[in-house]
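File shown: target.txt. Contents: compact mmCIF, C-alpha atoms.
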# COMPACT_ATOMS: atom_id res chain seq x y z
CA MET A 206 -81.64 12.01 -9.07
CA ARG A 207 -80.55 8.39 -8.53
CA SER A 208 -79.01 8.32 -12.02
CA LYS A 209 -76.93 11.43 -11.28
CA ILE A 210 -75.65 9.93 -8.00
CA TYR A 211 -74.82 6.70 -9.82
CA LEU A 212 -72.91 8.65 -12.49
CA LEU A 213 -70.90 10.55 -9.89
CA LEU A 214 -69.97 7.34 -8.11
CA MET A 215 -68.84 5.75 -11.38
CA LEU A 216 -66.69 8.76 -12.26
CA SER A 217 -65.13 8.77 -8.78
CA PHE A 218 -64.33 5.06 -9.07
CA MET A 219 -62.76 5.54 -12.50
CA PHE A 220 -60.51 8.40 -11.35
CA SER A 221 -59.49 6.39 -8.27
CA CYS A 222 -58.51 3.39 -10.40
CA LYS A 223 -56.61 5.65 -12.81
CA GLY A 224 -54.64 7.15 -9.88
CA LYS A 225 -53.72 3.71 -8.63
CA THR A 226 -52.75 2.58 -12.12
CA ASP A 227 -50.58 5.65 -12.68
CA LYS A 228 -48.91 5.17 -9.32
CA LYS A 229 -48.29 1.49 -10.03
CA SER A 230 -46.91 2.18 -13.50
CA GLY A 231 -44.69 4.89 -11.99
CA GLU A 232 -43.33 2.36 -9.49
CA ILE A 233 -42.68 -0.10 -12.30
CA ARG A 234 -40.83 2.56 -14.29
CA ALA A 235 -38.76 3.48 -11.22
CA LYS A 236 -37.87 -0.16 -10.66
CA ASP A 237 -36.99 -0.59 -14.31
CA SER A 238 -34.63 2.39 -14.19
CA VAL A 239 -32.78 0.80 -11.25
CA VAL A 240 -32.60 -2.57 -12.96
CA LEU A 241 -31.24 -1.00 -16.12
CA GLU A 242 -28.24 0.48 -14.27
CA GLN A 243 -26.20 -2.71 -13.90
CA GLU A 244 -22.82 -3.02 -12.19
CA VAL A 245 -19.84 -3.36 -14.53
CA HIS A 246 -16.03 -3.38 -14.37
CA GLN A 247 -16.08 -5.35 -11.14
CA ASP A 248 -12.44 -6.22 -11.78
CA LEU A 249 -11.73 -2.64 -10.66
CA TYR A 250 -13.45 -3.12 -7.30
CA GLY A 251 -11.24 -3.10 -4.21
CA ASN A 252 -8.26 -1.27 -2.76
CA TRP A 253 -5.63 0.43 -4.92
CA VAL A 254 -2.60 1.33 -2.83
CA GLY A 255 0.58 3.35 -3.38
CA GLU A 256 2.40 6.59 -2.62
CA PHE A 257 0.63 9.94 -2.91
CA ILE A 258 3.51 12.07 -4.17
CA VAL A 259 3.70 15.86 -3.98
CA ASP A 260 4.33 17.62 -7.29
CA GLU A 261 7.57 19.46 -6.61
CA ASN A 262 6.78 22.07 -9.28
CA ILE A 263 4.02 23.55 -7.15
CA LEU A 264 6.16 24.04 -4.03
CA LYS A 265 7.67 27.43 -3.42
CA GLU A 266 11.46 27.67 -3.57
CA GLY A 267 13.00 26.50 -0.32
CA GLU A 268 9.67 25.17 0.94
CA GLY A 269 10.02 21.73 2.49
CA LEU A 270 7.58 19.16 3.78
CA PRO A 271 7.90 16.41 6.39
CA SER A 272 8.55 13.01 4.81
CA THR A 273 5.23 11.80 6.22
CA ASP A 274 3.47 14.45 4.11
CA TYR A 275 5.63 14.12 1.01
CA TYR A 276 5.04 10.41 0.36
CA PRO A 277 1.97 9.40 2.39
CA LYS A 278 0.30 6.10 1.56
CA ILE A 279 -3.02 6.33 -0.25
CA ASN A 280 -5.70 3.66 -0.45
CA LEU A 281 -8.19 4.48 -3.19
CA THR A 282 -11.13 2.08 -2.97
CA ILE A 283 -13.55 1.55 -5.85
CA LYS A 284 -16.84 0.21 -4.49
CA LYS A 285 -19.23 0.36 -7.45
CA VAL A 286 -19.26 1.10 -11.19
CA THR A 287 -22.50 1.13 -13.22
CA ASP A 288 -23.11 0.73 -16.96
CA LYS A 289 -24.12 4.40 -16.95
CA GLY A 290 -20.53 5.23 -16.08
CA ASN A 291 -21.24 6.22 -12.47
CA VAL A 292 -18.45 5.43 -9.99
CA PHE A 293 -18.59 5.31 -6.18
CA GLY A 294 -15.71 4.83 -3.75
CA GLN A 295 -13.51 6.43 -1.13
CA ASN A 296 -9.88 7.33 -0.54
CA VAL A 297 -7.78 7.26 2.62
CA VAL A 298 -4.78 9.56 3.00
CA LYS A 299 -3.03 10.44 6.28
CA GLY A 300 -5.89 8.88 8.22
CA ASN A 301 -8.59 10.95 6.47
CA LEU A 302 -11.43 9.03 4.78
CA ARG A 303 -13.15 10.91 1.94
CA PRO A 304 -16.02 9.60 -0.23
CA LEU A 305 -15.58 9.70 -4.01
CA THR A 306 -18.11 9.96 -6.83
CA GLY A 307 -17.50 10.38 -10.51
CA LYS A 308 -17.49 8.98 -14.02
CA LEU A 309 -15.77 6.20 -15.96
CA GLU A 310 -15.17 6.28 -19.70
CA GLY A 311 -13.50 3.93 -22.17
CA VAL A 312 -12.85 0.19 -22.25
CA GLY A 313 -9.94 -2.16 -21.61
CA ASN A 314 -6.62 -0.36 -21.18
CA ALA A 315 -8.23 2.90 -22.34
CA ILE A 316 -10.31 3.31 -19.15
CA GLN A 317 -10.31 6.77 -17.60
CA LEU A 318 -11.87 7.85 -14.31
CA LEU A 319 -12.75 11.31 -13.06
CA LEU A 320 -13.47 11.17 -9.31
CA ASP A 321 -14.42 14.03 -7.00
CA GLU A 322 -14.22 14.46 -3.24
CA PRO A 323 -17.24 16.22 -1.67
CA GLY A 324 -15.63 19.66 -1.55
CA ASP A 325 -16.73 20.50 1.99
CA LYS A 326 -13.13 20.39 3.25
CA LYS A 327 -10.36 22.77 2.27
CA SER A 328 -8.12 19.82 1.35
CA ASP A 329 -10.60 18.21 -1.09
CA GLY A 330 -9.89 17.85 -4.78
CA ARG A 331 -10.34 15.89 -8.02
CA PHE A 332 -8.69 12.65 -9.17
CA GLU A 333 -7.93 12.16 -12.87
CA ILE A 334 -7.02 8.51 -13.39
CA LYS A 335 -5.96 6.23 -16.23
CA PHE A 336 -5.93 2.43 -16.08
CA LYS A 337 -2.83 0.89 -17.65
CA ASP A 338 -1.10 -2.48 -17.19
CA ASP A 339 -3.07 -3.32 -14.02
CA THR A 340 -2.11 0.05 -12.53
CA LEU A 341 -4.18 3.12 -11.68
CA MET A 342 -2.09 6.19 -12.36
CA GLY A 343 -2.87 9.85 -12.49
CA THR A 344 -3.03 13.12 -10.61
CA TRP A 345 -5.00 14.76 -7.85
CA THR A 346 -5.64 18.52 -7.98
CA ALA A 347 -6.97 20.60 -5.09
CA TYR A 348 -10.14 22.59 -5.69
CA ASP A 349 -8.70 25.42 -3.62
CA GLN A 350 -5.49 26.57 -5.31
CA ASN A 351 -4.55 28.57 -2.20
CA VAL A 352 -3.73 25.44 -0.20
CA LYS A 353 -0.09 24.51 0.39
CA ILE A 354 -0.23 21.25 -1.59
CA LYS A 355 -2.12 21.86 -4.82
CA ARG A 356 -1.27 18.73 -6.79
CA ARG A 357 -0.09 15.15 -6.26
CA SER A 358 0.61 12.17 -8.49
CA PHE A 359 0.26 8.44 -7.89
CA LYS A 360 0.70 4.91 -9.28
CA LEU A 361 -1.54 2.45 -7.46
CA LEU A 362 -1.53 -1.34 -7.45
CA LYS A 363 -4.44 -3.49 -6.37
CA LYS A 364 -4.00 -4.81 -2.83
CA GLN A 365 -6.92 -6.48 -1.10
CA PHE A 366 -7.08 -6.05 2.67
CA SER A 367 -7.40 -9.06 4.93
CA TYR A 368 -6.74 -9.31 8.64
CA ASN A 369 -3.83 -11.60 9.52
CA PRO A 370 -2.72 -11.86 13.16
CA ASN A 371 0.65 -13.28 12.08
CA LEU A 372 1.82 -10.10 10.33
CA MET A 373 4.94 -8.52 11.81
CA LEU A 374 6.82 -5.32 11.04
CA ASN A 375 9.82 -7.20 9.65
CA ASP A 376 7.72 -9.05 7.06
CA GLN A 377 8.60 -6.55 4.34
CA ASN A 378 12.36 -7.23 4.37
CA ASP A 379 14.75 -10.07 5.11
CA GLU A 380 16.94 -7.59 6.95
CA TYR A 381 15.59 -4.82 9.10
CA GLY A 382 17.13 -2.04 11.08
CA THR A 383 16.32 0.15 14.02
CA LEU A 384 13.04 2.07 13.95
CA VAL A 385 13.63 5.73 14.76
CA ASP A 386 11.01 8.33 15.64
CA TRP A 387 11.99 11.08 13.21
CA VAL A 388 8.91 13.18 14.00
CA ASN A 389 9.44 13.95 17.70
CA ALA A 390 12.99 15.26 17.88
CA LYS A 391 14.44 16.66 21.08
CA LYS A 392 16.57 19.72 20.33
CA GLN A 393 19.48 20.85 22.45
CA GLU A 394 21.92 23.70 21.97
CA ALA A 395 25.61 22.74 21.82
CA THR A 396 28.89 24.61 21.39
CA GLU A 397 32.17 23.72 19.70
CA VAL A 398 35.53 25.46 20.00
CA ASP A 399 37.80 25.67 16.98
CA GLY A 400 40.94 27.62 17.79
CA ASP A 401 39.90 31.09 18.79
CA SER A 402 36.36 30.64 17.49
CA THR A 403 33.36 29.20 19.29
CA TYR A 404 30.42 27.86 17.31
CA THR A 405 26.92 27.39 18.67
CA PHE A 406 24.53 25.01 16.96
CA VAL A 407 21.46 22.94 17.68
CA MET A 408 21.72 19.16 18.01
CA GLU A 409 18.71 16.95 17.37
CA TYR A 410 18.22 13.78 19.38
CA TYR A 411 15.79 11.01 18.51
CA ARG A 412 14.31 8.05 20.31
CA SER A 413 14.64 4.59 18.79
CA ALA A 414 12.94 1.23 19.26
CA SER A 415 14.48 -2.03 20.40
CA PRO A 416 14.29 -5.39 18.54
CA ALA A 417 11.28 -6.25 20.72
CA VAL A 418 8.99 -4.52 18.18
CA TYR A 419 9.90 -7.27 15.69
CA GLN A 420 9.51 -10.10 18.18
CA LEU A 421 6.43 -9.53 20.37
CA ASN A 422 3.11 -10.23 18.65
CA ALA A 423 0.30 -8.68 20.69
CA SER A 424 -2.36 -10.13 18.37
CA LYS A 425 -1.43 -13.75 19.06
CA GLN A 426 0.23 -14.06 22.46
CA LYS A 427 -1.11 -12.84 25.79
CA LEU A 428 1.56 -10.48 27.05
CA THR A 429 2.72 -10.42 30.66
CA GLU A 430 4.29 -7.77 32.85
CA LYS A 431 7.56 -9.69 32.55
CA ASP A 432 7.43 -9.25 28.74
CA LEU A 433 7.03 -5.49 29.03
CA LYS A 434 8.86 -4.33 32.15
CA ASN A 435 12.19 -3.51 30.45
CA LEU A 436 10.80 -2.03 27.24
CA LYS A 437 11.07 1.59 26.15
CA LYS A 438 8.02 3.79 25.78
CA LEU A 439 8.42 3.76 21.98
CA ASP A 440 8.57 -0.05 21.96
CA LEU A 441 5.26 -0.23 23.79
CA GLU A 442 3.63 2.33 21.47
CA ILE A 443 4.71 0.47 18.33
CA ILE A 444 3.71 -2.99 19.63
CA ARG A 445 0.27 -1.65 20.62
CA ASN A 446 -0.32 0.17 17.34
CA THR A 447 0.77 -2.85 15.30
CA ILE A 448 -2.44 -4.48 16.57
CA PHE A 449 -4.49 -1.71 14.96
CA ALA A 450 -2.36 -1.75 11.80
CA ARG A 451 -3.17 -5.45 11.25
CA HIS A 452 -6.86 -4.52 11.29
CA GLY A 453 -6.36 -1.75 8.71
CA TYR A 454 -6.79 1.19 11.08
CA ALA A 455 -6.18 4.53 9.31
CA PHE A 456 -3.68 6.37 11.54
CA THR A 457 -3.88 10.16 11.59
CA LYS A 458 -0.80 11.07 13.66
CA PRO A 459 2.45 11.37 11.65
CA SER A 460 4.38 9.97 14.63
CA ILE A 461 2.51 6.67 14.18
CA ARG A 462 2.09 6.66 10.41
CA GLN A 463 5.87 6.91 9.93
CA PHE A 464 6.28 3.33 11.16
CA PHE A 465 3.44 1.66 9.25
CA GLU A 466 3.04 3.42 5.91
CA PRO A 467 6.34 1.96 4.56
CA VAL A 468 5.15 -1.55 5.48
CA ASP A 469 3.94 -3.43 2.41
CA TRP A 470 1.11 -5.35 4.11
CA TYR A 471 -0.40 -2.29 5.80
CA VAL A 472 -3.60 -1.13 4.07
CA PRO A 473 -5.55 1.69 5.82
CA VAL A 474 -9.27 1.01 5.44
CA SER A 475 -11.15 2.12 8.58
CA LYS A 476 -11.33 4.69 11.36
CA ASP A 477 -12.91 2.29 13.85
CA VAL A 478 -11.74 -1.30 14.29
CA SER A 479 -12.80 -1.70 17.94
CA SER A 480 -15.44 -4.31 17.10
CA ASP A 481 -12.86 -6.39 15.21
CA LEU A 482 -10.38 -6.78 18.06
CA SER A 483 -9.98 -10.20 19.66
CA GLN A 484 -10.11 -10.59 23.43
CA VAL A 485 -6.35 -11.24 23.52
CA GLU A 486 -5.75 -7.98 21.64
CA LYS A 487 -8.07 -6.02 23.94
CA ASP A 488 -6.32 -7.36 27.05
CA ASN A 489 -2.89 -6.60 25.61
CA ILE A 490 -3.91 -3.04 24.67
CA VAL A 491 -4.94 -2.38 28.29
CA LEU A 492 -1.63 -3.77 29.61
CA LEU A 493 0.53 -1.95 27.06
CA THR A 494 -1.27 1.36 27.70
CA ARG A 495 -0.69 0.99 31.45
CA PHE A 496 3.04 0.42 30.96
CA GLU A 497 3.33 3.33 28.49
CA LYS A 498 2.35 5.79 31.23
CA TYR A 499 5.51 5.08 33.23
CA ALA A 500 8.02 3.93 30.59
CA LYS A 501 10.95 6.15 29.52
CA ASP A 502 12.87 6.65 26.29
CA ASN A 503 16.54 7.12 25.54
CA TYR A 504 17.49 9.76 22.97
CA ASP A 505 20.48 9.59 20.66
CA THR A 506 21.82 11.21 17.47
CA PHE A 507 21.20 9.57 14.10
CA GLY A 508 22.22 10.55 10.60
CA ARG A 509 19.47 10.91 7.99

Once more with this new file: its structure as structure tokens, please.
Amino acid sequence: MRSKIYLLLMLSFMFSCKGKTDKKSGEIRAKDSVVLEQEVHQDLYGNWVGEFIVDENILKEGEGLPSTDYYPKINLTIKKVTDKGNVFGQNVVKGNLRPLTGKLEGVGNAIQLLLDEPGDKKSDGRFEIKFKDDTLMGTWTAYDQNVKIKRRSFKLLKKQFSYNPNLMLNDQNDEYGTLVDWVNAKKQEATEVDGDSTYTFVMEYYRSASPAVYQLNASKQKLTEKDLKNLKKLDLEIIRNTIFARHGYAFTKPSIRQFFEPVDWYVPVSKDVSSDLSQVEKDNIVLLTRFEKYAKDNYDTFGR
């Protein structure tokens, strides 16, 4: 009887040890599989920025798009590439951040990437990209071919984002003109008499900014009521949003994007920059927002 009990205990001990060994070897194999998938092509890591251009061939005849939709800025960020060819990243277009996963093939200037958005939004699609002469170029095609914009093209250059409180809207050109809000037009019916005929037509009036948007830096100087009391509503909006633009905030509204997407230094990277704001910037945002509530705008006609 004792020998049978002893045998059972020995068998139990052996199976227990085998289970632990199998589990341990499984953990080792799992760790090895992670180690084997090394990161490669780190020269591709970072932000690739440019215009996301609508393919005119897919638009219906006579169908137009707002300029903010036709040439929006895109920031395609590559975060990780493994030696198995797996790619992870994200893209930002019109304030929308979408994760990307896909594959990389080829070497050197023959690199090709196939990147997919998740597909849980109607506007999602697939990027087909080639790497040539330090440029990412290719096309994006919507999964849903019933959407209005089915295909876009792009040529992207690498542009690393870094916060700089000194950046101003006039940094992109030596000469700069008046900023006009082309999105929010005020329409008014007008008439014109020509001999015996009277013509009725609609006039469009737009608000414009003053030179103050190129002069006041709300990221560096603490603004006062005296600085703001004579400014237009649009001036205040632009000065306030320039704070967020310096931090790489991804604007969604076309009325704001129209002023920042053409700016060379602006790189949209985040939907929440609140934790990055300095105390001076926070104080200025409060003051600017208060003045915006009561400020007015003048409207005028502009040729386009």

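Across the structure, atom CA of A:Lys278 and atom CA of A:Asp469 are spaced 10.2 Å apart.
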
Closest of A:Ile461, A:Val312, A:Leu436, A:Leu318 to A:Val385 - atom-to-atom distances counting all atoms listed in the file: A:Ile461

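For the residues A:Ala500, A:Val485, A:Val398, A:Leu249, ranking by smallest atom-to-atom distance to A:Leu439 using only C-alpha atoms places A:Ala500 first.
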
Residue list as JSON, numbers by chain for point (-1.9, 24.0, -8.6), cut-off 8 Å, only C-alpha atoms: {"A": [263, 346, 347, 350, 354, 355, 356]}

Residue contacts of A:Lys476 (9 Å, all atoms listed in the file) excluding same-chain residues fewer than 3 positions away, as a ChimeraX atom specification: /A:300-302,453-456,473

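Summary of the local environment: counting all atoms listed in the file, residues at most 10 Å from A:Gly255, other than itself and those fewer than 5 positions away along its chain, are A:Tyr276, A:Pro277, A:Lys278, A:Ile279, A:Asn280, A:Leu281, A:Leu341, A:Met342, A:Phe359, A:Lys360, A:Leu361, A:Leu362, A:Lys363, A:Lys364, A:Glu466, A:Pro467, A:Asp469, A:Val472.
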
Of the listed residues A:Trp253, A:Lys285, A:Leu372, A:Gln365, that which approaches A:Ile334 most closely, counting all atoms listed in the file: A:Trp253

Nearest candidate to A:Glu322 (options A:Lys337, A:Leu305, A:Glu310, A:Val388; using only C-alpha atoms):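 Looking only at the distances to A:Glu322, the closest residue turns out to be A:Leu305.
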
Residue among A:Met373, A:Asn296, A:Pro304, A:Phe257 lying closest to A:Asn446, counting only C-alpha atoms: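 Of all the options, A:Met373 lies closest to A:Asn446.
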
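Of the listed residues (A:Ala315, A:Val474, A:Leu384, A:Leu493), A:Val474 comes nearest to A:Lys299; the distances count all atoms listed in the file.
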
For atom CA of A:Thr457 and atom CA of A:Val298, the interatomic separation in Å (one decimal): 8.7 Å

Got a sec: who's within 6 Å of stretch 418-430 of chain A, counting all atoms listed in the file, leaving out chain neighbours fewer than 2 positions off, as a CSV table (one decimal) with C-alpha atoms, in the frame of the given file?
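That gives us around.csv:
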chain,number,residue,atom,x,y,z
A,370,PRO,CA,-2.7,-11.9,13.2
A,374,LEU,CA,6.8,-5.3,11.0
A,416,PRO,CA,14.3,-5.4,18.5
A,432,ASP,CA,7.4,-9.2,28.7
A,433,LEU,CA,7.0,-5.5,29.0
A,434,LYS,CA,8.9,-4.3,32.2
A,440,ASP,CA,8.6,0.0,22.0
A,444,ILE,CA,3.7,-3.0,19.6
A,448,ILE,CA,-2.4,-4.5,16.6
A,485,VAL,CA,-6.4,-11.2,23.5
A,486,GLU,CA,-5.8,-8.0,21.6

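Computed from the coordinates, the atom CA of A:Pro459 to atom CA of A:Pro271 distance equals 9.1 Å.
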
Taking the block just given, write stretch 272-322 of chain A to a file that holds C-alpha atoms, as a PDB file, in the first residue's frame.
ATOM      1  CA  SER A 272     -10.159  75.039 -50.931  1.00  0.00           C
ATOM      2  CA  THR A 273      -9.751  73.764 -47.363  1.00  0.00           C
ATOM      3  CA  ASP A 274     -10.912  70.326 -48.562  1.00  0.00           C
ATOM      4  CA  TYR A 275      -9.112  70.326 -51.890  1.00  0.00           C
ATOM      5  CA  TYR A 276      -5.567  70.828 -50.570  1.00  0.00           C
ATOM      6  CA  PRO A 277      -5.659  70.018 -46.830  1.00  0.00           C
ATOM      7  CA  LYS A 278      -2.355  69.465 -45.061  1.00  0.00           C
ATOM      8  CA  ILE A 279      -1.549  65.879 -44.138  1.00  0.00           C
ATOM      9  CA  ASN A 280       0.912  64.701 -41.511  1.00  0.00           C
ATOM     10  CA  LEU A 281       1.669  61.009 -41.960  1.00  0.00           C
ATOM     11  CA  THR A 282       3.695  59.774 -38.988  1.00  0.00           C
ATOM     12  CA  ILE A 283       5.675  56.536 -39.081  1.00  0.00           C
ATOM     13  CA  LYS A 284       6.217  55.307 -35.523  1.00  0.00           C
ATOM     14  CA  LYS A 285       7.649  51.796 -35.929  1.00  0.00           C
ATOM     15  CA  VAL A 286       8.920  49.420 -38.627  1.00  0.00           C
ATOM     16  CA  THR A 287      10.011  45.848 -37.828  1.00  0.00           C
ATOM     17  CA  ASP A 288      12.262  43.432 -39.720  1.00  0.00           C
ATOM     18  CA  LYS A 289       9.133  41.386 -40.394  1.00  0.00           C
ATOM     19  CA  GLY A 290       7.883  44.279 -42.508  1.00  0.00           C
ATOM     20  CA  ASN A 291       5.210  45.416 -40.046  1.00  0.00           C
ATOM     21  CA  VAL A 292       4.562  49.175 -39.967  1.00  0.00           C
ATOM     22  CA  PHE A 293       2.725  51.244 -37.339  1.00  0.00           C
ATOM     23  CA  GLY A 294       1.837  54.929 -37.483  1.00  0.00           C
ATOM     24  CA  GLN A 295      -0.924  57.489 -37.815  1.00  0.00           C
ATOM     25  CA  ASN A 296      -2.089  60.228 -40.153  1.00  0.00           C
ATOM     26  CA  VAL A 297      -3.687  63.594 -39.449  1.00  0.00           C
ATOM     27  CA  VAL A 298      -5.942  65.247 -42.033  1.00  0.00           C
ATOM     28  CA  LYS A 299      -8.405  68.077 -41.367  1.00  0.00           C
ATOM     29  CA  GLY A 300      -7.974  67.572 -37.632  1.00  0.00           C
ATOM     30  CA  ASN A 301      -8.804  63.844 -37.752  1.00  0.00           C
ATOM     31  CA  LEU A 302      -6.223  61.438 -36.281  1.00  0.00           C
ATOM     32  CA  ARG A 303      -6.353  57.900 -37.682  1.00  0.00           C
ATOM     33  CA  PRO A 304      -4.052  54.990 -36.725  1.00  0.00           C
ATOM     34  CA  LEU A 305      -2.221  53.174 -39.526  1.00  0.00           C
ATOM     35  CA  THR A 306      -0.950  49.602 -39.790  1.00  0.00           C
ATOM     36  CA  GLY A 307       0.538  47.849 -42.755  1.00  0.00           C
ATOM     37  CA  LYS A 308       3.534  46.392 -44.545  1.00  0.00           C
ATOM     38  CA  LEU A 309       6.874  47.565 -45.931  1.00  0.00           C
ATOM     39  CA  GLU A 310       8.688  45.901 -48.803  1.00  0.00           C
ATOM     40  CA  GLY A 311      11.922  46.590 -50.664  1.00  0.00           C
ATOM     41  CA  VAL A 312      15.166  48.353 -49.770  1.00  0.00           C
ATOM     42  CA  GLY A 313      16.789  51.717 -50.412  1.00  0.00           C
ATOM     43  CA  ASN A 314      14.943  53.819 -52.987  1.00  0.00           C
ATOM     44  CA  ALA A 315      12.765  50.814 -53.875  1.00  0.00           C
ATOM     45  CA  ILE A 316      10.845  50.897 -50.569  1.00  0.00           C
ATOM     46  CA  GLN A 317       7.079  50.546 -50.828  1.00  0.00           C
ATOM     47  CA  LEU A 318       4.510  50.840 -48.036  1.00  0.00           C
ATOM     48  CA  LEU A 319       0.924  49.658 -47.908  1.00  0.00           C
ATOM     49  CA  LEU A 320      -0.849  51.266 -44.932  1.00  0.00           C
ATOM     50  CA  ASP A 321      -4.463  50.838 -43.836  1.00  0.00           C
ATOM     51  CA  GLU A 322      -6.745  52.946 -41.671  1.00  0.00           C
TER      52      GLU A 322
END
